[in-house]
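Undergrad: Next comes final-v9.cif, mmCIF, C-alpha atoms and all ligand atoms:
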data_upload
loop_
_atom_site.label_atom_id
_atom_site.label_comp_id
_atom_site.auth_asym_id
_atom_site.auth_seq_id
_atom_site.Cartn_x
_atom_site.Cartn_y
_atom_site.Cartn_z
CA MET A 1 -8.32 2.34 3.81
CA ILE A 2 -11.76 3.30 5.07
CA VAL A 3 -13.49 0.57 7.10
CA THR A 4 -16.62 0.55 9.25
CA THR A 5 -16.50 1.15 12.97
CA ALA A 6 -18.01 -2.35 13.33
CA GLN A 7 -14.87 -3.84 11.74
CA LEU A 8 -12.63 -1.83 14.07
CA PHE A 9 -14.69 -2.74 17.16
CA LYS A 10 -14.60 -6.45 16.38
CA HIS A 11 -10.80 -6.40 16.60
CA ALA A 12 -10.60 -4.08 19.62
CA TYR A 13 -13.40 -5.32 21.86
CA GLY A 14 -12.29 -6.05 25.42
CA LYS A 15 -8.61 -5.47 24.59
CA TYR A 16 -8.15 -1.82 23.64
CA ALA A 17 -10.10 1.26 22.54
CA ILE A 18 -10.03 3.06 19.21
CA GLY A 19 -9.32 6.80 19.46
CA ALA A 20 -12.05 8.87 17.81
CA TYR A 21 -10.66 12.30 16.95
CA ASN A 22 -12.59 15.27 15.58
CA ILE A 23 -11.21 17.20 12.66
CA ASN A 24 -12.16 20.54 11.12
CA ASN A 25 -9.28 21.37 8.78
CA ALA A 26 -6.27 20.11 6.81
CA GLU A 27 -3.76 20.71 9.63
CA GLN A 28 -5.73 18.50 12.01
CA ALA A 29 -6.07 15.83 9.32
CA MET A 30 -2.30 15.84 8.65
CA GLY A 31 -1.45 15.64 12.36
CA LEU A 32 -4.00 12.89 12.96
CA PHE A 33 -2.86 10.67 10.09
CA LYS A 34 0.81 11.26 10.92
CA GLY A 35 0.29 10.46 14.62
CA ALA A 36 -1.69 7.34 13.77
CA MET A 37 1.01 6.12 11.40
CA ASP A 38 3.81 6.92 13.86
CA SER A 39 2.02 4.83 16.51
CA LYS A 40 0.79 2.17 14.03
CA ALA A 41 -2.79 2.55 15.22
CA PRO A 42 -6.21 2.33 13.60
CA PHE A 43 -8.44 5.33 14.34
CA ILE A 44 -11.78 7.00 13.76
CA ILE A 45 -12.11 10.44 12.18
CA GLN A 46 -15.13 12.23 13.56
CA ILE A 47 -16.87 15.05 11.77
CA SER A 48 -19.44 17.12 13.65
CA LYS A 49 -22.20 19.18 12.09
CA GLY A 50 -20.21 22.29 13.07
CA ALA A 51 -17.13 20.89 11.32
CA ARG A 52 -19.13 20.23 8.14
CA ASN A 53 -20.34 23.82 8.15
CA TYR A 54 -16.96 25.37 9.05
CA THR A 55 -15.71 25.53 5.47
CA ASP A 56 -17.86 23.24 3.37
CA LYS A 57 -18.74 19.58 3.94
CA ARG A 58 -17.18 18.70 0.55
CA MET A 59 -13.92 20.33 1.61
CA LEU A 60 -13.50 18.01 4.62
CA GLU A 61 -14.33 14.93 2.58
CA ALA A 62 -11.74 15.95 -0.03
CA ILE A 63 -9.12 16.55 2.69
CA ILE A 64 -9.72 13.07 4.11
CA ARG A 65 -9.57 11.45 0.65
CA SER A 66 -6.25 13.16 0.01
CA ALA A 67 -4.90 12.19 3.43
CA ALA A 68 -5.79 8.56 2.68
CA GLU A 69 -3.67 8.81 -0.50
CA ILE A 70 -0.77 10.47 1.33
CA PHE A 71 -0.90 7.79 4.07
CA PRO A 72 -1.91 4.62 2.15
CA ASP A 73 -1.28 2.32 5.15
CA ALA A 74 -3.84 4.07 7.38
CA ILE A 75 -6.91 2.07 8.46
CA PHE A 76 -9.73 4.26 9.71
CA ALA A 77 -13.47 4.86 9.83
CA VAL A 78 -15.18 8.14 8.90
CA HIS A 79 -17.89 8.92 11.40
CA LEU A 80 -20.54 11.61 11.86
CA ASP A 81 -20.34 12.91 15.45
CA HIS A 82 -23.57 13.88 17.27
CA GLY A 83 -25.82 13.83 14.23
CA ASP A 84 -29.45 14.86 14.14
CA GLU A 85 -31.74 12.73 11.96
CA GLN A 86 -31.45 14.87 8.83
CA THR A 87 -27.66 15.15 9.03
CA CYS A 88 -27.45 11.37 9.44
CA TYR A 89 -29.42 10.90 6.20
CA ASP A 90 -27.22 13.45 4.43
CA CYS A 91 -24.08 11.58 5.52
CA ILE A 92 -25.56 8.15 4.69
CA ASP A 93 -26.41 9.45 1.19
CA SER A 94 -22.98 11.05 0.71
CA GLY A 95 -21.48 7.57 0.29
CA PHE A 96 -18.41 8.75 2.19
CA PHE A 97 -19.21 8.00 5.82
CA SER A 98 -18.71 4.49 7.13
CA SER A 99 -20.65 5.21 10.29
CA VAL A 100 -22.99 7.82 11.76
CA MET A 101 -24.03 8.79 15.26
CA ILE A 102 -27.68 9.61 15.82
CA ASP A 103 -27.87 11.60 19.01
CA ALA A 104 -31.47 11.68 20.19
CA SER A 105 -30.38 11.38 23.82
CA HIS A 106 -32.13 14.63 24.69
CA ASP A 107 -35.48 13.14 23.67
CA GLU A 108 -37.64 10.85 25.80
CA PHE A 109 -36.68 7.13 25.84
CA GLU A 110 -39.44 6.04 23.40
CA LYS A 111 -38.79 8.94 21.03
CA ASN A 112 -35.03 8.23 21.11
CA ILE A 113 -35.80 4.60 20.15
CA GLU A 114 -38.16 5.66 17.37
CA ILE A 115 -35.66 8.09 15.78
CA THR A 116 -32.67 5.75 16.22
CA LYS A 117 -34.59 2.86 14.60
CA ARG A 118 -35.36 4.93 11.53
CA VAL A 119 -31.69 5.89 11.12
CA VAL A 120 -30.52 2.29 11.69
CA GLU A 121 -32.84 1.07 8.94
CA LYS A 122 -31.52 3.57 6.38
CA ALA A 123 -27.86 3.17 7.41
CA HIS A 124 -27.86 -0.64 7.45
CA ALA A 125 -29.42 -0.74 3.98
CA LYS A 126 -26.15 0.85 2.81
CA GLY A 127 -23.77 -1.11 5.05
CA ILE A 128 -23.16 1.84 7.38
CA SER A 129 -22.84 1.39 11.17
CA VAL A 130 -24.85 3.42 13.68
CA GLU A 131 -23.83 4.75 17.08
CA ALA A 132 -26.69 5.91 19.31
CA GLU A 133 -26.70 7.61 22.71
CA LEU A 134 -28.61 6.93 25.90
CA GLY A 135 -28.23 9.00 29.04
CA MET A 136 -27.13 12.61 29.11
CA LEU A 137 -23.61 13.97 29.39
CA GLY A 138 -23.05 17.41 30.86
CA GLY A 139 -21.59 20.24 28.79
CA VAL A 140 -22.33 21.30 25.24
CA GLU A 141 -23.21 18.88 22.45
CA GLU A 142 -23.47 20.73 19.16
CA ASP A 143 -25.86 23.56 20.07
CA ILE A 144 -27.53 21.86 23.06
CA LYS A 145 -26.24 22.74 26.52
CA VAL A 146 -26.93 20.38 29.43
CA GLU A 147 -26.65 22.03 32.85
CA ASP A 148 -24.67 20.11 35.50
CA GLY A 149 -27.71 19.00 37.51
CA HIS A 150 -29.51 17.62 34.44
CA ALA A 151 -26.83 15.23 33.26
CA THR A 152 -28.01 11.62 33.82
CA LEU A 153 -26.00 8.42 33.83
CA THR A 154 -27.11 5.63 31.51
CA ASP A 155 -29.48 3.14 33.12
CA PRO A 156 -28.13 -0.40 32.42
CA ALA A 157 -31.58 -2.02 32.06
CA GLU A 158 -32.69 0.72 29.65
CA ALA A 159 -29.44 0.30 27.71
CA GLU A 160 -30.18 -3.40 27.15
CA GLU A 161 -33.74 -2.69 26.00
CA PHE A 162 -32.60 0.23 23.81
CA ILE A 163 -29.98 -1.86 22.00
CA LYS A 164 -32.41 -4.74 21.40
CA ARG A 165 -35.20 -2.51 20.10
CA THR A 166 -33.12 -0.17 17.91
CA GLY A 167 -30.58 -2.57 16.38
CA CYS A 168 -27.85 0.07 16.76
CA ASP A 169 -24.23 -1.10 16.42
CA SER A 170 -22.70 0.76 19.37
CA LEU A 171 -23.97 2.81 22.26
CA ALA A 172 -22.63 6.03 23.77
CA CYS A 173 -23.17 5.78 27.51
CA ALA A 174 -23.08 8.56 30.08
CA ILE A 175 -20.67 7.34 32.77
CA GLY A 176 -19.71 10.62 34.39
CA THR A 177 -17.84 12.53 31.68
CA SER A 178 -18.92 15.71 29.94
CA HIS A 179 -17.82 17.60 26.84
CA GLY A 180 -15.31 20.44 26.96
CA ALA A 181 -12.51 21.48 29.32
CA PHE A 182 -14.41 21.69 32.62
CA LYS A 183 -15.54 18.14 33.33
CA PHE A 184 -15.27 17.61 37.06
CA LYS A 185 -15.37 19.64 40.22
CA GLY A 186 -12.82 18.13 42.59
CA LYS A 187 -11.35 14.68 42.03
CA GLN A 188 -13.75 12.33 40.32
CA SER A 189 -13.43 9.09 38.46
CA LEU A 190 -15.50 7.37 35.77
CA HIS A 191 -18.52 5.38 36.97
CA PHE A 192 -16.99 1.94 36.44
CA ASP A 193 -19.88 0.46 38.47
CA VAL A 194 -22.36 1.59 35.81
CA LEU A 195 -20.08 0.37 33.03
CA GLU A 196 -19.78 -3.06 34.66
CA LYS A 197 -23.57 -3.36 34.93
CA ILE A 198 -24.05 -2.37 31.29
CA LYS A 199 -21.41 -4.86 30.15
CA ALA A 200 -23.04 -7.63 32.18
CA ARG A 201 -26.33 -7.02 30.36
CA VAL A 202 -24.86 -6.66 26.86
CA PRO A 203 -21.61 -8.64 26.81
CA GLY A 204 -19.69 -8.18 23.57
CA PHE A 205 -21.58 -5.04 22.58
CA PRO A 206 -19.32 -2.04 21.78
CA LEU A 207 -19.74 0.94 24.09
CA VAL A 208 -18.59 4.50 23.44
CA MET A 209 -17.24 7.10 25.82
CA HIS A 210 -17.79 10.72 24.86
CA GLY A 211 -16.17 13.65 26.65
CA SER A 212 -12.90 11.75 27.10
CA SER A 213 -10.33 14.54 26.82
CA SER A 214 -7.83 14.61 29.67
CA VAL A 215 -7.34 18.42 29.58
CA PRO A 216 -3.62 18.18 30.51
CA LYS A 217 -2.63 20.64 33.22
CA ASP A 218 0.72 21.47 31.61
CA GLU A 219 -1.06 22.31 28.35
CA VAL A 220 -3.49 24.65 30.11
CA ASP A 221 -0.65 26.22 32.14
CA ARG A 222 1.30 26.94 28.95
CA ILE A 223 -1.78 28.47 27.31
CA ASN A 224 -2.36 30.69 30.33
CA ALA A 225 1.32 31.66 30.51
CA ALA A 226 1.03 32.80 26.89
CA GLY A 227 -1.98 35.05 27.56
CA GLY A 228 -4.86 32.56 27.82
CA LYS A 229 -7.48 32.61 30.54
CA ILE A 230 -8.66 29.04 31.12
CA ALA A 231 -9.59 28.56 34.76
CA ASP A 232 -10.82 25.52 36.74
CA SER A 233 -10.32 23.08 33.88
CA SER A 234 -10.29 19.33 34.48
CA GLY A 235 -10.45 16.19 32.39
CA VAL A 236 -10.55 12.40 32.40
CA ASN A 237 -7.66 10.55 34.07
CA VAL A 238 -5.79 8.90 31.19
CA GLU A 239 -5.05 5.89 33.41
CA GLU A 240 -8.78 5.10 33.20
CA TYR A 241 -8.88 4.66 29.41
CA LEU A 242 -7.62 1.07 29.36
CA PRO A 243 -9.72 -0.16 32.34
CA ALA A 244 -12.75 1.28 30.52
CA ALA A 245 -11.69 -0.53 27.33
CA LYS A 246 -11.55 -3.84 29.21
CA LEU A 247 -15.17 -3.21 30.22
CA GLY A 248 -16.35 -2.91 26.63
CA VAL A 249 -15.59 0.73 25.75
CA THR A 250 -14.23 0.37 22.21
CA LYS A 251 -14.41 4.02 21.10
CA ILE A 252 -13.02 6.93 23.10
CA ASN A 253 -13.86 10.43 21.83
CA ILE A 254 -11.23 13.14 22.10
CA ASP A 255 -11.68 16.64 20.67
CA THR A 256 -11.04 19.28 23.34
CA ASP A 257 -7.43 18.13 23.93
CA GLY A 258 -6.63 18.73 20.25
CA ARG A 259 -8.04 22.25 20.50
CA LEU A 260 -5.77 22.85 23.50
CA VAL A 261 -2.72 21.74 21.50
CA TRP A 262 -3.73 24.18 18.73
CA THR A 263 -4.24 27.04 21.18
CA ARG A 264 -0.94 26.44 23.01
CA VAL A 265 1.08 26.27 19.79
CA HIS A 266 -0.43 29.42 18.31
CA ARG A 267 -0.43 31.49 21.52
CA GLU A 268 3.22 30.66 22.22
CA PHE A 269 4.25 31.24 18.60
CA PHE A 270 2.73 34.70 18.30
CA ARG A 271 3.81 35.68 21.82
CA ASP A 272 7.42 34.83 20.95
CA LYS A 273 7.26 36.31 17.43
CA PRO A 274 4.97 39.34 17.69
CA GLY A 275 6.09 40.62 14.29
CA GLU A 276 5.13 37.39 12.49
CA PHE A 277 2.02 37.20 10.31
CA ASP A 278 2.61 34.10 8.20
CA PHE A 279 0.31 31.37 9.52
CA ARG A 280 2.31 28.52 7.98
CA PRO A 281 5.16 28.35 10.50
CA PRO A 282 2.81 27.84 13.50
CA GLY A 283 0.63 25.57 11.34
CA LYS A 284 3.63 23.34 10.69
CA ILE A 285 4.49 23.26 14.40
CA PHE A 286 0.87 22.35 15.17
CA ILE A 287 0.92 19.39 12.76
CA VAL A 288 4.03 17.98 14.47
CA GLU A 289 2.68 18.62 17.98
CA TYR A 290 -0.74 17.19 17.17
CA ALA A 291 0.85 14.08 15.67
CA LYS A 292 2.83 13.61 18.91
CA PHE A 293 -0.34 14.07 20.94
CA ILE A 294 -2.29 11.52 18.85
CA ALA A 295 0.51 8.95 19.12
CA SER A 296 0.67 9.43 22.91
CA ARG A 297 -3.11 8.93 23.22
CA ASN A 298 -3.03 5.81 21.07
CA VAL A 299 -0.44 4.33 23.43
CA LEU A 300 -2.73 5.03 26.40
CA LEU A 301 -5.76 3.59 24.59
CA GLY A 302 -3.85 0.43 23.68
CA SER A 303 -4.50 0.97 19.94
CA ALA A 304 -0.82 1.72 19.24
CA GLY A 305 0.86 -1.18 17.48
CA GLN A 306 -2.42 -2.87 16.47
CA LEU A 307 -2.39 -1.88 12.79
CA ASP A 308 -0.64 -4.91 11.28
CA ASP A 309 -2.69 -7.41 13.24
CA LEU A 310 -5.90 -5.60 12.31
CA ARG A 311 -4.89 -5.57 8.63
CA ALA A 312 -4.23 -9.31 8.74
CA SER A 313 -7.59 -9.96 10.43
CA LEU A 314 -9.31 -7.95 7.67
CA GLY A 315 -7.51 -10.07 5.06
CA LYS A 316 -5.98 -6.94 3.40
O1 LIG B 401 -18.99 16.72 21.20
C1 LIG B 401 -18.73 17.63 20.42
C2 LIG B 401 -17.43 17.65 19.72
O2 LIG B 401 -16.40 18.07 20.57
C3 LIG B 401 -17.52 18.48 18.48
O3 LIG B 401 -17.59 19.83 18.77
O4 LIG B 401 -19.68 20.55 17.60
O5 LIG B 401 -17.94 22.23 18.28
O6 LIG B 401 -17.50 20.62 16.40
P1 LIG B 401 -18.23 20.86 17.69
P1 LIG B 402 -14.11 16.14 24.66
O1 LIG B 402 -14.79 17.48 24.74
O2 LIG B 402 -13.83 15.60 26.03
O3 LIG B 402 -12.91 16.15 23.80
O4 LIG B 402 -15.17 15.13 24.01
C1 LIG B 402 -15.31 15.04 22.61
C2 LIG B 402 -16.50 14.26 22.20
O5 LIG B 402 -17.15 13.56 22.96
C3 LIG B 402 -16.87 14.34 20.78
O6 LIG B 402 -18.06 13.66 20.51
ZN ZN B 403 -19.48 13.75 22.13
#
If you took the structure in this file and wrote it as structure tokens, what would it be?
Ligand code: G3H
Ligand code: 13P
Ligand code: ZN

TA:
Amino acid sequence: MIVTTAQLFKHAYGKYAIGAYNINNAEQAMGLFKGAMDSKAPFIIQISKGARNYTDKRMLEAIIRSAAEIFPDAIFAVHLDHGDEQTCYDCIDSGFFSSVMIDASHDEFEKNIEITKRVVEKAHAKGISVEAELGMLGGVEEDIKVEDGHATLTDPAEAEEFIKRTGCDSLACAIGTSHGAFKFKGKQSLHFDVLEKIKARVPGFPLVMHGSSSVPKDEVDRINAAGGKIADSSGVNVEEYLPAAKLGVTKINIDTDGRLVWTRVHREFFRDKPGEFDFRPPGKIFIVEYAKFIASRNVLLGSAGQLDDLRASLGK
């Protein structure tokens, strides 16, 4: 069943976070739905602009529709990840997305407000929720790269003003993470101080944490042992997911970790079976491994085991 992110956030706020996982193909969709069902967790499927262009945007929508039939007990939202204004309108008009993210965080404060307001107006007219972003994460977002020194944490006072003036439904805040596999130099933690200040100004308002992959060391070691060359990688400490959730983070975005699972499975498979050229055997292993990964993350996010209670609260 497709629901809005607003419905998911209402149930989760202050208690646990919903995992928001990016998908690009059928194998990821199968693993995601299977992992969510195994852990009895609601979830958010995220589709980026790059994912929509990978095969064809209609292909991904059809895959998700089919997955919903294969797993009729699943409760999830379909969300556009890091949309520009035009892509938001395209997704709002598609009638398939239950929420969109307008990412105008690289624009000036006033311009970000102006663009976000326009998207909120169009989305709300169709019952669709809007995530906006304020502050700048490091790393690569779609085709925009933010150099380390230019990443800026979200200003709590600006966050309050931004939310009031735009009417957005959730806000992605920069609290020290970045996209990709190379998040921190040395040992760093999330900026819980900033999060606390934002929560104090907008109590009850759902916050979003991008760049939340944990980049597991054993995963990277296995990739490198099978011929990969990933050096100096680092990710978010998974023990910080739940404390962040208690401070109002209701959506935690994880994409890179799934790519690492894919890379490990395929590198090891073809290393061990150099004569193999059927892609289905490793694809099947990936689905199982990705499902296990999703279930393990849902446990850490606190969303595991919430499905029945959520269903009852939705009256379904
Ligand atoms: O934040 C970006 C997400 O990881 C999606 O990545 O634009 O390469 O699909 P992508
Ligand atoms: P990661 O690169 O840490 O997986 O972040 C994904 C993300 O924020 C998608 O919007
Ligand atoms: Zn992101």

Undergrad: Just checking: using only C-alpha atoms, which residue out of A:Gln46, A:Met1, A:Gly180, A:Ile230 ends up closest to Ile70 in chain A?

TA: A:Met1

Undergrad: To one decimal place, how far is CA of Glu289 in chain A from CA of Arg264 in chain A in Å?

TA: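 We find that CA of Glu289 in chain A and CA of Arg264 in chain A lie 10.0 Å from each other.
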
Undergrad: Can you tell me, as a list in words, what residues are no more than 8 Å from Ile63 in chain A when counting only C-alpha atoms, ignoring any on the same chain fewer than 2 positions away?

TA: Asn25, Ala26, Ala29, Met59, Leu60, Glu61, Arg65, Ser66 and Ala67 of chain A

Undergrad: Any idea what the distance is between CA of Gln7 in chain A and CA of Ile163 in chain A?

TA: 18.4 Å

Undergrad: Taking every listed atom of ligand LIG 401 (chain B) and adding 5 Å to each side, what centre and edge lengths in Å (one decimal) does the axis-aligned box have, as JSON?

TA:
{"center_x": -18.0, "center_y": 19.5, "center_z": 18.8, "size_x": 13.3, "size_y": 15.5, "size_z": 14.8}

Undergrad: May I ask you to write as an MDAnalysis selection string all residues lying at most 8 Å from ligand LIG 401 (chain B), with all atoms listed in the file counted?

TA: chainID A and resid 22 24 47:51 81:82 140:143 179:180 210:211 254:256

Undergrad: Could you check which of A:Phe71, A:Phe279, A:Tyr241, A:Tyr21 is closest to ligand ZN 403 (chain B), using all atoms listed in the file?

TA: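 Smallest distance to ligand ZN 403 (chain B) is found for A:Tyr21.
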
Undergrad: Would you mind listing what lies within 6 Å of Tyr13 in chain A as an NGL selection string, with all atoms listed in the file counted and same-chain residues fewer than 3 positions away left out?

TA: :A and (9-10 or 250)

Undergrad: Would you save the residues from that selection as a CSV table (one decimal), in the frame of the given file, using C-alpha atoms?

TA:
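The resulting file, out39.csv, is shown below:
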chain,number,residue,atom,x,y,z
A,9,PHE,CA,-14.7,-2.7,17.2
A,10,LYS,CA,-14.6,-6.4,16.4
A,250,THR,CA,-14.2,0.4,22.2

Undergrad: Rounded to one decimal in Å, what is the spacing between CA of Lys284 in chain A and CA of Arg271 in chain A?

TA: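 A separation of 16.6 Å between them.
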
Undergrad: Identify which of the residues A:Ser214, A:Met209, A:Ala200, A:Met101 lies closest to Ala174 in chain A, counting only C-alpha atoms when measuring atom-to-atom distances.

TA: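 For Ala174 in chain A, the nearest of the given residues is A:Met209.
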
Undergrad: For Arg280 in chain A, which residue among A:Ala74, A:Glu133, A:Asn298, A:Glu27 is the nearest when counting only C-alpha atoms?

TA: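 Using only C-alpha atoms, Arg280 in chain A sits closest to A:Glu27.
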
Undergrad: For Ala172 in chain A, which of A:Pro243, A:Gly228, A:Gly248, A:Gly204 is the closest residue, counting only C-alpha atoms?

TA: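 Answer, going by the shortest atom-to-atom distance: A:Gly248.
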
Undergrad: Measuring between all atoms listed in the file, which one of A:Asp38, A:Asp56, A:Lys117, A:Glu131 shows the shortest distance to Thr4 in chain A?

TA: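 Nearest candidate to Thr4 in chain A out of A:Asp38, A:Asp56, A:Lys117, A:Glu131: A:Glu131.
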
Undergrad: Using all atoms listed in the file, which protein or nucleic acid residues come within 12 Å of Val236 in chain A? Drop anything in the same chain fewer than 2 positions from it, and give the result as an MDAnalysis selection string.

TA: chainID A and resid 175:191 209:217 233:234 238:241 244 252:254 256:257
